[in-house]
Structure formats: C-alpha cells, structure tokens
Amino acid sequence: MRSDRNGKAPLGLKIAAAGGLLFLHLPILLIFVYAFTTEDKSYQWPPPGLTLKWLAVTWNRPDVWQALGLSVRVAAISTALALVLGTLCAAAVSRTKFFGRETVSLLVILPIALPGIITGIALRSAFSLADIPYSFWTIVLGHATFCVVVVYNNAVARFRRTSGSLIEASMDLGADGFQTFRHVVLPNIGTALLAGGMLAFALSFDEVIVTTFTAGQQTTLPIWMLEELVRPRQRPVTNVVAMVVVLVTFLPILAAYYLTRDGDRIAGSGK
C-alpha cells in the first residue's frame with residue numbers, strides 16, 4: 001500500500017498497525033486489569049469486580065520486598081560491571097586494529113545470542129567445577145555475561161561514529177589519555193553508555209532462566225513470581241508485582257530510546 005500525497009497512511013495500513021499493536025500489548029494490559037480484581041484464586045473475564053486492596057497486601061508482604069531488593073542490587077552491580085567491561089572492549093575493538101578483532105567481537109556478543117538455558121547450564125557447570133558456592137555474586141556474574149553485550153553494542157556503535165580526529169586534536173594540544181577520555185571521548189559516548197546501562201539494568205532485573213541456574217537459595221523478583229504462579233496463594237499479588245516489573249523495565253527502555261535516537265548528531269558534534 002502507498003500513502004497518499006499528503007503523507008497519510010491508508011485506512012487498511014492503520015488497521016493492520018493497530019491490530020499488530022493490540023496483539024503485542026493486550027496480554028500486558030490484562031495483567032494490569034487482573035492486579036485490581038476482587039477474585040484471588042482464578043482468572044475470570046470480565047473480572048467480578050475491581051479493588052485496590054491488593055496494592056496494600058503487596059506492600060505489606062516482606063517476601064516481595066526481599067525479592068525486589070535482591071533484584072535491584074543484582075541489576076545495579078551487573079550493570080556497573082557491564083559498563084566498565086563493555087566500554088573497554090568496545091574501545092579496543094573500534095579504535096585499534098589487531099589480528100582476530102572480528103573474532104573477539106563475535107565472542108563478546110555470543111552470550112546474548114545463545115539460548116539462556118545454555119548460558120545457565122554453562123555457568124552452573126563452571127561454578128561447580130571451580131567449587132564456587134551459589135550466592136549473590138554468582139547471580140551477578142551470570143547477569144553480567146549478557147549485560148556486557150548490551151553495553152558493548154551501544155558503545156562500539158558510538159565509538160565508530162566518533163571522529164578519530166577529535167582524539168588526535170586533543171592529544172596534539174597536550175591532553176593526556178585521561179583528559180582526552182574525560183573531555184572528548186566521554187561526552188561523545190555518554191548517552192550511548194547511559195542507554196546501554198539502562199537496557200542492561202532492565203534485562204538483568206527481569207532475567208529468569210540464567211538466574212535459575214546461578215541463584216541457589218536466593219530468590220529474585222522474577223523467580224518469586226514464577227514460584228507464586230506454580231503455587232498460587234493470592235494471585236492478584238503476583239499481578240501487582242508483574243505490573244511493577246513492567247513499569248520498572250519500560251521506563252529505562254523508553255529513556256534509552258530517547259537518548260540514542262539522535263546519536264549520529266551527538267557523536268559527530270564533538271561536544
């Protein structure tokens with residue numbers, strides 16, 4: 001189908017687009033509705049009634065707060081590790097030439113390309129072989145394996161769009177490596193790192209498969225939700241938590257989108 005001369009899409013295309021969006025997001029909207037239903041054991045449509053009591057019930061559940069706190073701490077530290085390792089790797093791959101550079105790039109992105117269960121089994125085998133007990137830090141290491149990829153992809157794209165003459169000019173003017181990074185490189189890649197960090201945080205926060213193999217007795221929020229679905233006590237509480245997870249992961253992704261949509265202009269400006 002073609003748009004008309006005024007740039008407006010035809011009605012059929014608008015209907016198709018609306019149908020696609022509805023197919024993608026209707027299940028998520030149902031979670032929001034069921035978070036306020038008066039029924040506590042089963043899903044009924046339409047809901048028999050709506051209530052706000054499950055918000056208070058969820059607020060007063062200590063197990064929810066413990067799982068939420070663990071997920072936030074894991075995501076924060078995993079993201080910090082990913083920012084350091086992903087940025088260093090991106091700088092090496094994009095700014096220098098060496099034998100095997102493309103192989104290194106492939107190996108960096110491999111963890112996110114593999115199925116999560118493969119990564120989880122590999123990590124569990126490695127921890128068992130090294131006799132490393134499962135703890136908070138094994139979860140962090142597991143999450144960092146794919147968080148690095150997100151930061152790397154954002155950083156390497158921005159490095160490649162940043163003019164090398166800016167760095168050369170800074171060095172010619174007497175700046176050392178740290179000053180060049182602080183005043184020239186970082187302003188150009190800053191939004192890419194921030195976006196990559198936000199995406200990494202969102203991925204880590206709602207990760208289930210890798211966490212299952214690396215958590216041991218620890219319970220993150222997604223693992224808590226999975227256990228509650230298997231043995232439901234108050235199903236709307238799970239929906240309230242799911243609603244919170246949607247909001248927590250949606251906001252960083254939205255922010256990352258707005259931070260990177262003007263990346264070409266920022267990267268070439270030398271600000």
# chains A, B, ... in the order shown; residues from 1 in each chain; ligands from 1
$ residues_around --residues "Ile139 in chain A" --least-positions-apart "4" --cutoff "8 Å" --atoms "only C-alpha atoms" --output "short mmCIF file (atom, residue, chain, number, x, y, z; two decimals) with N, CA and C atoms, in the first residue's frame"
data_model
loop_
_atom_site.label_atom_id
_atom_site.label_comp_id
_atom_site.auth_asym_id
_atom_site.auth_seq_id
_atom_site.Cartn_x
_atom_site.Cartn_y
_atom_site.Cartn_z
N VAL A 74 21.29 -6.81 42.37
CA VAL A 74 21.93 -7.60 41.30
C VAL A 74 21.99 -6.81 40.01
N TYR A 134 26.94 -21.12 45.42
CA TYR A 134 25.96 -20.22 44.82
C TYR A 134 25.58 -19.14 45.82
N SER A 135 25.60 -17.91 45.35
CA SER A 135 25.37 -16.78 46.23
C SER A 135 24.92 -15.58 45.41
N HIS A 143 24.45 -12.57 35.30
CA HIS A 143 23.78 -11.48 34.61
C HIS A 143 24.76 -10.61 33.83
N THR A 211 19.19 -16.89 35.99
CA THR A 211 19.11 -16.79 37.45
C THR A 211 18.77 -18.13 38.08
N THR A 214 21.92 -20.06 38.63
CA THR A 214 23.03 -19.45 39.37
C THR A 214 22.63 -18.93 40.75
N ALA A 215 21.34 -18.99 41.10
CA ALA A 215 20.88 -18.33 42.32
C ALA A 215 21.04 -19.20 43.56
#
$ residues_around --residues "range 203-205 of chain A" --least-positions-apart "4" --cutoff "10 Å" --atoms "only C-alpha atoms" --output "compact mmCIF listing (two decimals) with N, CA and C atoms, in the first residue's frame"
# COMPACT_ATOMS: atom_id res chain seq x y z
N LEU A 68 12.48 -8.01 45.70
CA LEU A 68 12.70 -6.77 44.94
C LEU A 68 14.07 -6.18 45.25
N LEU A 70 16.76 -7.71 46.27
CA LEU A 70 17.81 -8.54 45.67
C LEU A 70 17.91 -8.27 44.18
N SER A 71 16.78 -8.17 43.50
CA SER A 71 16.80 -7.92 42.05
C SER A 71 17.44 -6.57 41.73
N VAL A 72 17.12 -5.56 42.51
CA VAL A 72 17.68 -4.22 42.26
C VAL A 72 19.19 -4.22 42.49
N ARG A 73 19.65 -4.87 43.57
CA ARG A 73 21.09 -4.91 43.85
C ARG A 73 21.84 -5.68 42.76
N VAL A 74 21.29 -6.81 42.37
CA VAL A 74 21.93 -7.60 41.30
C VAL A 74 21.99 -6.81 40.01
N ALA A 75 20.89 -6.18 39.64
CA ALA A 75 20.85 -5.42 38.39
C ALA A 75 21.82 -4.24 38.43
N ALA A 76 21.90 -3.56 39.57
CA ALA A 76 22.78 -2.39 39.67
C ALA A 76 24.24 -2.79 39.54
N ILE A 77 24.67 -3.84 40.25
CA ILE A 77 26.07 -4.24 40.20
C ILE A 77 26.40 -4.87 38.85
N SER A 78 25.50 -5.66 38.31
CA SER A 78 25.72 -6.24 36.98
C SER A 78 25.87 -5.15 35.93
N THR A 79 25.07 -4.12 36.03
CA THR A 79 25.15 -3.02 35.08
C THR A 79 26.46 -2.26 35.23
N ILE A 139 24.94 -14.86 40.94
CA ILE A 139 23.86 -14.26 40.13
C ILE A 139 24.40 -13.06 39.36
N VAL A 140 25.20 -12.23 40.04
CA VAL A 140 25.77 -11.05 39.40
C VAL A 140 26.64 -11.44 38.21
N GLY A 142 26.48 -14.16 36.46
CA GLY A 142 25.62 -14.69 35.40
C GLY A 142 24.95 -13.58 34.61
N HIS A 143 24.45 -12.57 35.30
CA HIS A 143 23.78 -11.48 34.61
C HIS A 143 24.76 -10.61 33.83
N ALA A 144 25.97 -10.46 34.37
CA ALA A 144 26.95 -9.61 33.70
C ALA A 144 27.34 -10.17 32.33
N PHE A 146 25.51 -11.25 29.93
CA PHE A 146 24.71 -10.70 28.82
C PHE A 146 24.54 -9.18 28.94
N CYS A 147 24.71 -8.62 30.13
CA CYS A 147 24.65 -7.16 30.25
C CYS A 147 25.82 -6.50 29.53
N VAL A 150 25.00 -5.79 25.86
CA VAL A 150 24.15 -4.63 25.60
C VAL A 150 24.97 -3.35 25.62
N GLY A 197 23.44 1.14 29.70
CA GLY A 197 23.29 0.80 31.11
C GLY A 197 21.84 0.60 31.49
N MET A 198 20.96 1.44 30.98
CA MET A 198 19.54 1.30 31.28
C MET A 198 18.97 0.00 30.71
N LEU A 199 19.36 -0.31 29.48
CA LEU A 199 18.88 -1.56 28.89
C LEU A 199 19.43 -2.77 29.64
N VAL A 210 18.75 -17.67 33.38
CA VAL A 210 20.12 -17.72 33.90
C VAL A 210 20.11 -17.67 35.42
N THR A 211 19.19 -16.89 35.99
CA THR A 211 19.11 -16.79 37.45
C THR A 211 18.77 -18.13 38.08
N THR A 220 15.20 -13.91 43.47
CA THR A 220 14.98 -12.60 42.86
C THR A 220 13.48 -12.43 42.59
N LEU A 221 13.12 -11.24 42.18
CA LEU A 221 11.70 -10.97 41.97
C LEU A 221 11.09 -11.83 40.86
N PRO A 222 11.72 -12.00 39.69
CA PRO A 222 11.14 -12.89 38.68
C PRO A 222 11.03 -14.34 39.17
N VAL A 245 7.00 -4.70 37.64
CA VAL A 245 8.12 -5.10 36.80
C VAL A 245 7.99 -4.48 35.41
N VAL A 248 8.99 -0.85 35.77
CA VAL A 248 10.42 -0.69 36.06
C VAL A 248 11.26 -0.95 34.81
N THR A 249 10.88 -1.93 34.01
CA THR A 249 11.64 -2.23 32.80
C THR A 249 11.28 -1.33 31.62
N ILE A 253 13.91 1.46 29.21
CA ILE A 253 13.93 1.23 27.77
C ILE A 253 13.45 2.46 27.01
$ atom_distance --atom1 "CA of Leu29 in chain A" --atom2 "CA of Ala113 in chain A"
29.0 Å
$ atom_distance --atom1 "CA of Leu24 in chain A" --atom2 "CA of Gly12 in chain A"
18.5 Å
$ atom_distance --atom1 "CA of Ala202 in chain A" --atom2 "CA of Phe250 in chain A"
7.8 Å
$ decode --residues "range 121-136 of chain A" --atoms "N, CA and C atoms" --output "PDB file, in the first residue's frame"
ATOM      1  N   ILE A 121      23.319 -23.358  32.029  1.00  0.00           N
ATOM      2  CA  ILE A 121      23.970 -24.651  32.259  1.00  0.00           C
ATOM      3  C   ILE A 121      25.488 -24.496  32.258  1.00  0.00           C
ATOM      4  N   ALA A 122      26.013 -23.698  31.335  1.00  0.00           N
ATOM      5  CA  ALA A 122      27.456 -23.485  31.258  1.00  0.00           C
ATOM      6  C   ALA A 122      27.978 -22.823  32.535  1.00  0.00           C
ATOM      7  N   LEU A 123      27.277 -21.807  33.015  1.00  0.00           N
ATOM      8  CA  LEU A 123      27.708 -21.127  34.226  1.00  0.00           C
ATOM      9  C   LEU A 123      27.622 -22.049  35.434  1.00  0.00           C
ATOM     10  N   ARG A 124      26.549 -22.814  35.524  1.00  0.00           N
ATOM     11  CA  ARG A 124      26.403 -23.731  36.655  1.00  0.00           C
ATOM     12  C   ARG A 124      27.517 -24.784  36.650  1.00  0.00           C
ATOM     13  N   SER A 125      27.852 -25.277  35.471  1.00  0.00           N
ATOM     14  CA  SER A 125      28.935 -26.251  35.373  1.00  0.00           C
ATOM     15  C   SER A 125      30.270 -25.628  35.778  1.00  0.00           C
ATOM     16  N   ALA A 126      30.495 -24.386  35.341  1.00  0.00           N
ATOM     17  CA  ALA A 126      31.747 -23.708  35.678  1.00  0.00           C
ATOM     18  C   ALA A 126      31.846 -23.449  37.183  1.00  0.00           C
ATOM     19  N   PHE A 127      30.760 -23.006  37.800  1.00  0.00           N
ATOM     20  CA  PHE A 127      30.771 -22.761  39.244  1.00  0.00           C
ATOM     21  C   PHE A 127      30.980 -24.058  40.021  1.00  0.00           C
ATOM     22  N   SER A 128      30.358 -25.126  39.569  1.00  0.00           N
ATOM     23  CA  SER A 128      30.517 -26.408  40.249  1.00  0.00           C
ATOM     24  C   SER A 128      31.945 -26.928  40.102  1.00  0.00           C
ATOM     25  N   LEU A 129      32.506 -26.783  38.906  1.00  0.00           N
ATOM     26  CA  LEU A 129      33.875 -27.247  38.656  1.00  0.00           C
ATOM     27  C   LEU A 129      34.878 -26.469  39.501  1.00  0.00           C
ATOM     28  N   ALA A 130      34.627 -25.147  39.642  1.00  0.00           N
ATOM     29  CA  ALA A 130      35.532 -24.309  40.440  1.00  0.00           C
ATOM     30  C   ALA A 130      35.191 -24.342  41.927  1.00  0.00           C
ATOM     31  N   ASP A 131      34.183 -25.124  42.297  1.00  0.00           N
ATOM     32  CA  ASP A 131      33.758 -25.245  43.692  1.00  0.00           C
ATOM     33  C   ASP A 131      33.379 -23.882  44.279  1.00  0.00           C
ATOM     34  N   ILE A 132      32.657 -23.087  43.476  1.00  0.00           N
ATOM     35  CA  ILE A 132      32.184 -21.769  43.916  1.00  0.00           C
ATOM     36  C   ILE A 132      30.753 -21.921  44.428  1.00  0.00           C
ATOM     37  N   PRO A 133      30.497 -21.586  45.695  1.00  0.00           N
ATOM     38  CA  PRO A 133      29.134 -21.734  46.224  1.00  0.00           C
ATOM     39  C   PRO A 133      28.192 -20.718  45.590  1.00  0.00           C
ATOM     40  N   TYR A 134      26.944 -21.119  45.416  1.00  0.00           N
ATOM     41  CA  TYR A 134      25.957 -20.222  44.818  1.00  0.00           C
ATOM     42  C   TYR A 134      25.584 -19.141  45.819  1.00  0.00           C
ATOM     43  N   SER A 135      25.597 -17.912  45.346  1.00  0.00           N
ATOM     44  CA  SER A 135      25.366 -16.776  46.234  1.00  0.00           C
ATOM     45  C   SER A 135      24.917 -15.583  45.406  1.00  0.00           C
ATOM     46  N   PHE A 136      24.865 -14.452  46.049  1.00  0.00           N
ATOM     47  CA  PHE A 136      24.544 -13.197  45.376  1.00  0.00           C
ATOM     48  C   PHE A 136      25.497 -12.945  44.213  1.00  0.00           C
TER      49      PHE A 136
END
